[in-house]
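Asks: What follows is a single structure, and I will ask about it in a moment.
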Amino acid sequence: MSLLPFARPVPLCVLRPGAEPRAEHGHDPDRFVEIGSLTKVLTGTALVRMAAAGLLDVDDPVERWLPAAPPSGITLRHLADHTSGLPRLPPALGPRRDPYAPFTAEALGATLPRLDRLATRPAGEGTEYSNLGYAVLGAALAAAARQPYPDLLRAHVLEPLGVADAVAVTPPEGRALRARGLLGRVRGSWTMDGAILPAGGLWATPRALAAVVRGLLVERALGEPAPSWQTAGDIRWHNGATRHASAFAGAVTGSGEWVLVHRLGGSPEETDRIGAALLTGRA
């Protein structure tokens, strides 16, 4: 007989319009959590904001800003909407317990000269979700802005949205919230502050992330939503998952309805199910 007959409850945080945050099993809307690939909507928003400011064009070829990359037909827009033809993951990842740790800025630099050979199809001829593509996009934005990625993100996205102090590369001391195992021990996180950062490495408080979702999708405070968002009918959405955290965010166009769901542990698929059900009124 198992000495642990039931699983530890999964910490859950839900934010919706017109309601106080719902936090269960130790979650906290004001502590920093990993947001995974929801980072991509911030990176994509930086792209369109920088284009509006005249710092670049969304249809610039990658090699304009990253000269180490050979001509490949891949543009910044292709990277943002996952039509670059690049594979989902960077080459030569590390062990499963911390796969992105070896993917440093130097590793990305060594990858750029091979972009044309890494692509699985010509740019624009199909969709393949690509973390590698967003790593390249983040590097191109940094080159065009002449600023590190965290600085350009603050300048072009976070400060205009009024959430500059609640999204971070590294959570403030004592404010990180991580999943715990059955015996209460904190579970380790992936290392995602290297080249993969623009694809999925940011931390944020759920309350701040909700303000981002509301500002970008409902209030349209920074214009039309970036091509990073996924669409399903009149719903714009995106999700994110790291080793032990997952998130879902979305809004129904024109209705004012939006939702942010974050969980520490459990399956990312269940987080998506919860978020979609809340957003469509099936919960």
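Following the order of the structure tokens, chains are lettered A, B, ..., residues in each are numbered from 1, and ligands are numbered from 1.
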Excluding region 264-271 of chain A and residues on its chain fewer than 4 positions from it, collect all residues at most 9 Å away from it, counting only C-alpha atoms, and give them as a PyMOL selection string.

Replies: chain A and resi 9-12+27+33+177-181+239-248+275-276

Asks: Listing only residues of region 83-145 of chain A within 12 Å of region 34-39 of chain A, what is the closest atom pair and its distance in Å (to one decimal) for each, using only C-alpha atoms, sorted by chain and residue number ascending, as a Markdown table?

Replies:
```
| residue | atom | partner | partner_atom | distance |
| --- | --- | --- | --- | --- |
| A:Tyr129 | CA | A:Ser37 | CA | 10.8 |
| A:Ser130 | CA | A:Ser37 | CA | 10.5 |
| A:Asn131 | CA | A:Ser37 | CA | 8.5 |
| A:Leu132 | CA | A:Ser37 | CA | 12.0 |
| A:Tyr134 | CA | A:Thr39 | CA | 9.7 |
| A:Ala135 | CA | A:Thr39 | CA | 11.1 |
| A:Gly138 | CA | A:Thr39 | CA | 10.7 |
```

Asks: Would you please give, as an MDAnalysis selection string, all residues of region 14-128 of chain A that DSSP assigns to helix (DSSP H, G or I) based on the backbone?

Replies: chainID A and resid 36:52 62:65 76:80 105:118

Asks: So how many Å separate CA of Asp116 (chain A) and CA of Pro70 (chain A), to one decimal?

Replies: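 Computing it gives 6.7 Å between the two atoms.
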
Asks: Grab the CA of Ala53 (chain A) to CA of His156 (chain A) distance for me, in Å with one decimal place.

Replies: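 Distance reported for this atom pair: 9.2 Å.
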
Asks: Please list as a short mmCIF file (atom, residue, chain, number, x, y, z; two decimals) with N, CA and C atoms, in the first residue's frame every residue within 7 Å of region 201-217 of chain A, counting only C-alpha atoms and excluding residues in the same chain fewer than 2 positions away.

Replies:
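So the final result, stored in around-v6.cif, reads:
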```cif
data_model
loop_
_atom_site.label_atom_id
_atom_site.label_comp_id
_atom_site.auth_asym_id
_atom_site.auth_seq_id
_atom_site.Cartn_x
_atom_site.Cartn_y
_atom_site.Cartn_z
N LEU A 15 -7.63 34.98 -12.36
CA LEU A 15 -8.04 36.38 -12.38
C LEU A 15 -8.98 36.59 -13.56
N PRO A 29 -1.54 35.87 -5.83
CA PRO A 29 -1.54 36.72 -7.02
C PRO A 29 -0.45 37.80 -7.01
N ASP A 30 0.22 37.99 -5.86
CA ASP A 30 1.20 39.05 -5.75
C ASP A 30 2.63 38.55 -5.55
N ARG A 31 2.84 37.26 -5.79
CA ARG A 31 4.20 36.73 -5.78
C ARG A 31 4.59 36.32 -7.20
N PHE A 32 5.88 36.32 -7.46
CA PHE A 32 6.38 36.07 -8.81
C PHE A 32 6.38 34.59 -9.14
N VAL A 33 5.87 34.27 -10.33
CA VAL A 33 5.82 32.89 -10.82
C VAL A 33 6.36 32.85 -12.25
N GLU A 34 6.81 31.68 -12.66
CA GLU A 34 7.24 31.50 -14.05
C GLU A 34 6.03 31.59 -14.97
N ILE A 35 6.17 32.31 -16.09
CA ILE A 35 5.03 32.44 -17.01
C ILE A 35 5.26 31.69 -18.31
N GLY A 36 6.42 31.05 -18.47
CA GLY A 36 6.66 30.23 -19.66
C GLY A 36 6.46 31.01 -20.95
N THR A 39 5.65 34.66 -22.15
CA THR A 39 6.72 35.61 -22.49
C THR A 39 6.64 36.01 -23.96
N LEU A 161 2.38 49.98 -20.41
CA LEU A 161 1.23 49.29 -19.81
C LEU A 161 1.10 49.56 -18.31
N VAL A 163 3.12 48.31 -15.89
CA VAL A 163 3.44 47.13 -15.08
C VAL A 163 4.94 46.88 -15.04
N ALA A 166 6.60 44.61 -12.16
CA ALA A 166 6.02 43.32 -11.79
C ALA A 166 6.29 42.22 -12.82
N VAL A 167 7.23 42.44 -13.72
CA VAL A 167 7.68 41.42 -14.66
C VAL A 167 9.20 41.44 -14.63
N ALA A 168 9.82 40.27 -14.50
CA ALA A 168 11.25 40.25 -14.25
C ALA A 168 11.92 39.04 -14.87
N VAL A 169 13.23 39.18 -15.11
CA VAL A 169 14.04 38.05 -15.54
C VAL A 169 14.32 37.14 -14.34
N THR A 170 14.61 37.76 -13.21
CA THR A 170 14.84 37.04 -11.96
C THR A 170 13.90 37.60 -10.91
N PRO A 171 13.15 36.77 -10.21
CA PRO A 171 12.20 37.30 -9.22
C PRO A 171 12.93 37.97 -8.07
N MET A 192 16.35 29.56 -17.57
CA MET A 192 15.82 30.12 -18.81
C MET A 192 16.16 31.61 -18.96
N ASP A 193 17.27 32.03 -18.34
CA ASP A 193 17.66 33.43 -18.42
C ASP A 193 18.75 33.68 -19.46
N ILE A 196 17.23 31.73 -24.42
CA ILE A 196 15.82 31.31 -24.52
C ILE A 196 14.88 32.28 -23.82
N LEU A 197 15.41 33.26 -23.09
CA LEU A 197 14.59 34.17 -22.31
C LEU A 197 13.41 34.77 -23.09
N PRO A 198 13.59 35.32 -24.30
CA PRO A 198 12.46 35.92 -25.01
C PRO A 198 11.38 34.93 -25.44
N ALA A 199 11.69 33.64 -25.36
CA ALA A 199 10.72 32.61 -25.73
C ALA A 199 9.92 32.11 -24.55
N GLU A 219 -8.32 46.36 -23.66
CA GLU A 219 -8.22 47.81 -23.81
C GLU A 219 -7.48 48.22 -25.07
N ARG A 220 -6.70 47.30 -25.64
CA ARG A 220 -5.88 47.57 -26.82
C ARG A 220 -5.03 48.83 -26.61
N ALA A 221 -4.44 48.93 -25.41
CA ALA A 221 -3.68 50.11 -25.03
C ALA A 221 -2.47 50.34 -25.91
N LEU A 222 -1.95 49.27 -26.52
CA LEU A 222 -0.77 49.40 -27.38
C LEU A 222 -1.11 49.07 -28.83
N PRO A 225 -3.37 43.62 -31.20
CA PRO A 225 -2.54 42.58 -30.56
C PRO A 225 -1.48 42.03 -31.52
N ALA A 249 -3.89 32.36 -20.82
CA ALA A 249 -4.46 33.70 -20.86
C ALA A 249 -5.22 33.87 -22.16
N ALA A 251 -8.80 36.24 -24.20
CA ALA A 251 -9.92 37.18 -24.16
C ALA A 251 -10.83 36.93 -25.35
N TRP A 258 -12.10 38.30 -20.24
CA TRP A 258 -10.72 37.81 -20.30
C TRP A 258 -10.48 36.92 -19.09
N LEU A 260 -7.05 34.90 -16.79
CA LEU A 260 -5.68 34.44 -16.59
C LEU A 260 -5.73 33.32 -15.56
#
```

Asks: Would you please give, as a VMD selection string, all residues of region 65-262 of chain A that DSSP assigns to strand (DSSP E) based on the backbone?

Replies: chain A and resid 167 to 168 203 to 204 230 to 232 235 to 241 245 to 252 258 to 262

Asks: Nearest residue to Pro71 (chain A) out of A:Leu47, A:Ala107, A:Ala23, A:Ala123, using only C-alpha atoms?

Replies: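 Counting only C-alpha atoms, the residue closest to Pro71 (chain A) is A:Ala123.
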
Asks: Taking only C-alpha atoms into account, which of A:Pro99, A:Ala69, A:Ala176, A:Thr75 comes nearest Arg114 (chain A)?

Replies: A:Ala69

Asks: Which residue gives the smallest distance to Tyr149 (chain A) among A:Val218, A:Ala68, A:Ala101, A:Ala46, with only C-alpha atoms counted?

Replies: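 Counting only C-alpha atoms, the residue closest to Tyr149 (chain A) is A:Ala46.
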